[in-house]
Amino acid sequence: MSSNPASELPRGGRFILGVLIFGVVATIAYWVVWFGVDREILASAHTESYYAFENSFPVADAWMTLTGLAAIVALFRRRASALLWSIAAGTTSIYLGCLDVLFDLENGIYRSVDSSGVVVEVVINVLTLAMGVVVLVWAWQKRRELSAFAGW
């Protein structure tokens with residue numbers, strides 16, 4: 001990288017890139033398994049309402065994936081738009097995590113006798129919420145440094 005400090009990632013930037021890349025890959029992998037392999041591997045319930053709920057997520061998850069990809073590209077290219085896309089990815093992840101947790105609470109998913117399905121669900125919920133918070137907080141704390149990148 002160049003010696004220009006504005007071209008360097010802010011502290012923690014490599015970790016955030018890893019979080020974003022993991023989120024994008026994990027989301028794509030989830031839908032490949034759900035639609036292309038066997039949704040029973042991921043399902044934490046086996047009711048029509050649960051399947052309808054899960055099947056309502058692909059477009060929103062696609063938006064989360066696109067914002068994550070845009071943040072990754074902007075961070076790699078050292079673009080000021082990394083701030084916008086990182087905040088968009090973080091907030092989208094938090095929103096979707098909250099939606100999922102509320103459904104799970106209202107429908108007794110966490111009390112299911114299928115412990116493997118519950119474990120998968122809890123891991124997804126925790127990662128979705130935690131990764132969103134980590135990206136959002138980091139982007140906001142580093143907003144001046146991210147805004148200093150050349151080009152918008």
# chains A, B, ... in the order shown; residues from 1 in each chain; ligands from 1

call {"tool": "closest_atom_pairs", "arguments": {"of": "segment 113-139 of chain A", "to": "segment 96-109 of chain A", "cutoff": "9 Å", "atoms": "only C-alpha atoms", "output": "JSON lines"}}
result
{"residue": "A:Gly117", "atom": "CA", "partner": "A:Ile109", "partner_atom": "CA", "distance": 8.8}
{"residue": "A:Val118", "atom": "CA", "partner": "A:Ile109", "partner_atom": "CA", "distance": 6.8}
{"residue": "A:Glu121", "atom": "CA", "partner": "A:Ile109", "partner_atom": "CA", "distance": 8.3}
{"residue": "A:Val122", "atom": "CA", "partner": "A:Val101", "partner_atom": "CA", "distance": 8.7}
{"residue": "A:Ile124", "atom": "CA", "partner": "A:Gly97", "partner_atom": "CA", "distance": 8.2}
{"residue": "A:Asn125", "atom": "CA", "partner": "A:Gly97", "partner_atom": "CA", "distance": 5.6}
{"residue": "A:Val126", "atom": "CA", "partner": "A:Gly97", "partner_atom": "CA", "distance": 7.9}
{"residue": "A:Leu127", "atom": "CA", "partner": "A:Gly97", "partner_atom": "CA", "distance": 8.5}
{"residue": "A:Thr128", "atom": "CA", "partner": "A:Gly97", "partner_atom": "CA", "distance": 5.4}
{"residue": "A:Leu129", "atom": "CA", "partner": "A:Gly97", "partner_atom": "CA", "distance": 5.3}
{"residue": "A:Gly132", "atom": "CA", "partner": "A:Gly97", "partner_atom": "CA", "distance": 8.6}

call {"tool": "residues_around", "arguments": {"residues": "Val25 of chain A", "least_positions_apart": "4", "cutoff": "12 Å", "atoms": "only C-alpha atoms", "output": "NGL selection string"}}
result
:A and (18-21 or 29-32 or 61-62 or 64-66 or 68-69)

call {"tool": "write_last_selection", "arguments": {"atoms": "N, CA and C atoms", "output": "PDB file, in the first residue's frame"}}
result
ATOM      1  N   GLY A  18     -12.915  -9.436   7.272  1.00  0.00           N
ATOM      2  CA  GLY A  18     -13.156 -10.855   7.534  1.00  0.00           C
ATOM      3  C   GLY A  18     -14.590 -11.116   7.971  1.00  0.00           C
ATOM      4  N   VAL A  19     -15.125 -10.264   8.830  1.00  0.00           N
ATOM      5  CA  VAL A  19     -16.506 -10.405   9.287  1.00  0.00           C
ATOM      6  C   VAL A  19     -17.461 -10.274   8.106  1.00  0.00           C
ATOM      7  N   LEU A  20     -17.233  -9.271   7.271  1.00  0.00           N
ATOM      8  CA  LEU A  20     -18.104  -9.051   6.109  1.00  0.00           C
ATOM      9  C   LEU A  20     -18.019 -10.220   5.127  1.00  0.00           C
ATOM     10  N   ILE A  21     -16.821 -10.676   4.851  1.00  0.00           N
ATOM     11  CA  ILE A  21     -16.652 -11.804   3.921  1.00  0.00           C
ATOM     12  C   ILE A  21     -17.331 -13.051   4.494  1.00  0.00           C
ATOM     13  N   ALA A  29     -24.198 -19.573   1.451  1.00  0.00           N
ATOM     14  CA  ALA A  29     -24.171 -21.010   1.762  1.00  0.00           C
ATOM     15  C   ALA A  29     -25.502 -21.457   2.364  1.00  0.00           C
ATOM     16  N   TYR A  30     -26.071 -20.641   3.237  1.00  0.00           N
ATOM     17  CA  TYR A  30     -27.356 -20.985   3.857  1.00  0.00           C
ATOM     18  C   TYR A  30     -28.413 -21.235   2.787  1.00  0.00           C
ATOM     19  N   TRP A  31     -28.517 -20.308   1.836  1.00  0.00           N
ATOM     20  CA  TRP A  31     -29.570 -20.437   0.824  1.00  0.00           C
ATOM     21  C   TRP A  31     -29.265 -21.545  -0.176  1.00  0.00           C
ATOM     22  N   VAL A  32     -28.012 -21.822  -0.434  1.00  0.00           N
ATOM     23  CA  VAL A  32     -27.663 -22.966  -1.288  1.00  0.00           C
ATOM     24  C   VAL A  32     -28.130 -24.258  -0.609  1.00  0.00           C
ATOM     25  N   ASP A  61     -32.191 -11.096   2.542  1.00  0.00           N
ATOM     26  CA  ASP A  61     -30.821 -11.597   2.686  1.00  0.00           C
ATOM     27  C   ASP A  61     -29.965 -11.238   1.472  1.00  0.00           C
ATOM     28  N   ALA A  62     -30.587 -11.187   0.300  1.00  0.00           N
ATOM     29  CA  ALA A  62     -29.851 -10.759  -0.899  1.00  0.00           C
ATOM     30  C   ALA A  62     -29.407  -9.304  -0.741  1.00  0.00           C
ATOM     31  N   MET A  64     -28.862  -7.774   2.137  1.00  0.00           N
ATOM     32  CA  MET A  64     -27.789  -7.789   3.129  1.00  0.00           C
ATOM     33  C   MET A  64     -26.477  -8.244   2.481  1.00  0.00           C
ATOM     34  N   THR A  65     -26.551  -9.250   1.621  1.00  0.00           N
ATOM     35  CA  THR A  65     -25.366  -9.750   0.933  1.00  0.00           C
ATOM     36  C   THR A  65     -24.795  -8.685  -0.009  1.00  0.00           C
ATOM     37  N   LEU A  66     -25.654  -8.004  -0.743  1.00  0.00           N
ATOM     38  CA  LEU A  66     -25.177  -6.947  -1.647  1.00  0.00           C
ATOM     39  C   LEU A  66     -24.533  -5.795  -0.891  1.00  0.00           C
ATOM     40  N   GLY A  68     -23.100  -6.031   2.010  1.00  0.00           N
ATOM     41  CA  GLY A  68     -21.833  -6.574   2.499  1.00  0.00           C
ATOM     42  C   GLY A  68     -20.772  -6.600   1.414  1.00  0.00           C
ATOM     43  N   LEU A  69     -21.167  -7.050   0.218  1.00  0.00           N
ATOM     44  CA  LEU A  69     -20.233  -7.057  -0.914  1.00  0.00           C
ATOM     45  C   LEU A  69     -19.773  -5.644  -1.272  1.00  0.00           C
TER      46      LEU A  69
END

call {"tool": "atom_distance", "arguments": {"atom1": "atom CA of Ile16 of chain A", "atom2": "atom CA of Trp138 of chain A"}}
result
7.9 Å

call {"tool": "closest_residue", "arguments": {"among": "A:Thr27, A:Ser116, A:Ser147, A:Gln141", "to": "Phe57 of chain A", "atoms": "only C-alpha atoms"}}
result
A:Thr27

call {"tool": "residues_around", "arguments": {"residues": "Trp63 of chain A", "least_positions_apart": "6", "cutoff": "12 Å", "atoms": "only C-alpha atoms", "output": "JSON list (two decimals) with N, CA, C and O atoms, in the first residue's frame"}}
result
[["chain", "number", "residue", "atom", "x", "y", "z"],
["A", 24, "VAL", "N", -21.14, -12.71, 4.09],
["A", 24, "VAL", "CA", -21.58, -12.91, 2.71],
["A", 24, "VAL", "C", -21.54, -14.39, 2.34],
["A", 24, "VAL", "O", -22.51, -14.95, 1.81],
["A", 27, "THR", "N", -24.19, -16.45, 4.31],
["A", 27, "THR", "CA", -25.56, -16.21, 3.84],
["A", 27, "THR", "C", -25.81, -16.94, 2.52],
["A", 27, "THR", "O", -26.85, -17.59, 2.35],
["A", 28, "ILE", "N", -24.88, -16.86, 1.62],
["A", 28, "ILE", "CA", -25.02, -17.57, 0.34],
["A", 28, "ILE", "C", -25.08, -19.08, 0.59],
["A", 28, "ILE", "O", -25.92, -19.79, 0.03],
["A", 57, "PHE", "N", -37.33, -14.71, 3.44],
["A", 57, "PHE", "CA", -36.06, -14.05, 3.69],
["A", 57, "PHE", "C", -35.12, -13.86, 2.49],
["A", 57, "PHE", "O", -34.24, -13.00, 2.55],
["A", 69, "LEU", "N", -21.17, -7.05, 0.22],
["A", 69, "LEU", "CA", -20.23, -7.06, -0.91],
["A", 69, "LEU", "C", -19.77, -5.64, -1.27],
["A", 69, "LEU", "O", -18.59, -5.41, -1.54],
["A", 70, "ALA", "N", -20.71, -4.70, -1.27],
["A", 70, "ALA", "CA", -20.35, -3.31, -1.58],
["A", 70, "ALA", "C", -19.39, -2.76, -0.53],
["A", 70, "ALA", "O", -18.43, -2.04, -0.87],
["A", 85, "TRP", "N", -21.71, 1.76, 3.03],
["A", 85, "TRP", "CA", -22.01, 0.34, 2.83],
["A", 85, "TRP", "C", -21.79, -0.48, 4.09],
["A", 85, "TRP", "O", -22.53, -1.45, 4.34],
["A", 88, "ALA", "N", -24.84, 0.24, 6.17],
["A", 88, "ALA", "CA", -26.00, -0.44, 5.57],
["A", 88, "ALA", "C", -25.95, -1.94, 5.86],
["A", 88, "ALA", "O", -26.97, -2.54, 6.23],
["A", 89, "ALA", "N", -24.79, -2.55, 5.72],
["A", 89, "ALA", "CA", -24.66, -3.99, 5.98],
["A", 89, "ALA", "C", -24.91, -4.30, 7.46],
["A", 89, "ALA", "O", -25.63, -5.25, 7.79],
["A", 90, "GLY", "N", -24.34, -3.50, 8.34],
["A", 90, "GLY", "CA", -24.51, -3.73, 9.78],
["A", 90, "GLY", "C", -25.96, -3.58, 10.21],
["A", 90, "GLY", "O", -26.49, -4.43, 10.94],
["A", 91, "THR", "N", -26.61, -2.52, 9.77],
["A", 91, "THR", "CA", -27.99, -2.30, 10.20],
["A", 91, "THR", "C", -28.94, -3.33, 9.59],
["A", 91, "THR", "O", -29.88, -3.76, 10.25],
["A", 92, "THR", "N", -28.69, -3.73, 8.36],
["A", 92, "THR", "CA", -29.52, -4.76, 7.74],
["A", 92, "THR", "C", -29.40, -6.07, 8.51],
["A", 92, "THR", "O", -30.39, -6.76, 8.76],
["A", 93, "SER", "N", -28.19, -6.42, 8.90],
["A", 93, "SER", "CA", -27.96, -7.64, 9.65],
["A", 93, "SER", "C", -28.68, -7.59, 11.00],
["A", 93, "SER", "O", -29.33, -8.57, 11.41],
["A", 95, "TYR", "N", -31.33, -5.76, 11.80],
["A", 95, "TYR", "CA", -32.77, -5.80, 11.54],
["A", 95, "TYR", "C", -33.24, -7.23, 11.27],
["A", 95, "TYR", "O", -34.22, -7.69, 11.87],
["A", 96, "LEU", "N", -32.55, -7.93, 10.39],
["A", 96, "LEU", "CA", -32.94, -9.30, 10.06],
["A", 96, "LEU", "C", -32.78, -10.23, 11.26],
["A", 96, "LEU", "O", -33.60, -11.13, 11.48]]

call {"tool": "closest_residue", "arguments": {"among": "A:Ser49, A:Asn55, A:Ser81, A:Ser44", "to": "Arg144 of chain A", "atoms": "only C-alpha atoms"}}
result
A:Ser81

call {"tool": "closest_residue", "arguments": {"among": "A:Ala26, A:Leu17, A:Leu42, A:Ala82", "to": "Val119 of chain A", "atoms": "only C-alpha atoms"}}
result
A:Leu42

call {"tool": "decode", "arguments": {"residues": "segment 115-135 of chain A", "atoms": "N, CA, C and O atoms", "output": "compact mmCIF listing (two decimals), in the first residue's frame"}}
result
# COMPACT_ATOMS: atom_id res chain seq x y z
N SER A 115 -33.03 -30.46 19.26
CA SER A 115 -31.93 -29.65 19.77
C SER A 115 -30.95 -29.22 18.69
O SER A 115 -30.40 -28.12 18.76
N SER A 116 -30.72 -30.04 17.67
CA SER A 116 -29.78 -29.64 16.61
C SER A 116 -30.33 -28.45 15.83
O SER A 116 -29.58 -27.54 15.48
N GLY A 117 -31.64 -28.43 15.57
CA GLY A 117 -32.25 -27.31 14.88
C GLY A 117 -32.20 -26.04 15.71
O GLY A 117 -31.97 -24.95 15.19
N VAL A 118 -32.39 -26.18 17.02
CA VAL A 118 -32.34 -25.03 17.91
C VAL A 118 -30.92 -24.47 17.96
O VAL A 118 -30.72 -23.26 17.93
N VAL A 119 -29.94 -25.35 18.01
CA VAL A 119 -28.54 -24.91 18.03
C VAL A 119 -28.22 -24.13 16.77
O VAL A 119 -27.63 -23.04 16.83
N VAL A 120 -28.62 -24.64 15.62
CA VAL A 120 -28.39 -23.94 14.35
C VAL A 120 -29.06 -22.57 14.40
O VAL A 120 -28.46 -21.55 14.03
N GLU A 121 -30.29 -22.52 14.87
CA GLU A 121 -31.03 -21.25 14.93
C GLU A 121 -30.37 -20.25 15.86
O GLU A 121 -30.22 -19.08 15.52
N VAL A 122 -29.95 -20.69 17.03
CA VAL A 122 -29.30 -19.79 17.99
C VAL A 122 -27.99 -19.27 17.42
O VAL A 122 -27.67 -18.08 17.53
N VAL A 123 -27.21 -20.15 16.80
CA VAL A 123 -25.94 -19.72 16.20
C VAL A 123 -26.20 -18.66 15.12
O VAL A 123 -25.52 -17.63 15.08
N ILE A 124 -27.17 -18.91 14.27
CA ILE A 124 -27.50 -17.94 13.22
C ILE A 124 -27.94 -16.61 13.84
O ILE A 124 -27.48 -15.54 13.41
N ASN A 125 -28.80 -16.67 14.84
CA ASN A 125 -29.28 -15.44 15.48
C ASN A 125 -28.15 -14.66 16.13
O ASN A 125 -28.04 -13.44 15.94
N VAL A 126 -27.31 -15.36 16.89
CA VAL A 126 -26.21 -14.69 17.59
C VAL A 126 -25.23 -14.08 16.58
O VAL A 126 -24.83 -12.92 16.72
N LEU A 127 -24.85 -14.85 15.57
CA LEU A 127 -23.91 -14.33 14.57
C LEU A 127 -24.50 -13.15 13.80
O LEU A 127 -23.81 -12.15 13.57
N THR A 128 -25.75 -13.26 13.40
CA THR A 128 -26.38 -12.18 12.63
C THR A 128 -26.41 -10.89 13.44
O THR A 128 -26.06 -9.82 12.93
N LEU A 129 -26.82 -10.98 14.69
CA LEU A 129 -26.89 -9.79 15.53
C LEU A 129 -25.50 -9.27 15.89
O LEU A 129 -25.22 -8.07 15.76
N ALA A 130 -24.62 -10.16 16.34
CA ALA A 130 -23.29 -9.74 16.77
C ALA A 130 -22.47 -9.15 15.63
O ALA A 130 -21.83 -8.10 15.79
N MET A 131 -22.51 -9.80 14.48
CA MET A 131 -21.72 -9.29 13.35
C MET A 131 -22.26 -7.95 12.89
O MET A 131 -21.49 -7.06 12.55
N GLY A 132 -23.57 -7.79 12.90
CA GLY A 132 -24.16 -6.50 12.52
C GLY A 132 -23.72 -5.40 13.47
O GLY A 132 -23.34 -4.31 13.04
N VAL A 133 -23.77 -5.67 14.76
CA VAL A 133 -23.36 -4.68 15.76
C VAL A 133 -21.87 -4.34 15.61
O VAL A 133 -21.49 -3.17 15.62
N VAL A 134 -21.05 -5.36 15.44
CA VAL A 134 -19.60 -5.14 15.31
C VAL A 134 -19.29 -4.26 14.10
O VAL A 134 -18.53 -3.29 14.19
N VAL A 135 -19.89 -4.57 12.96
CA VAL A 135 -19.64 -3.78 11.74
C VAL A 135 -20.17 -2.36 11.91
O VAL A 135 -19.48 -1.38 11.57
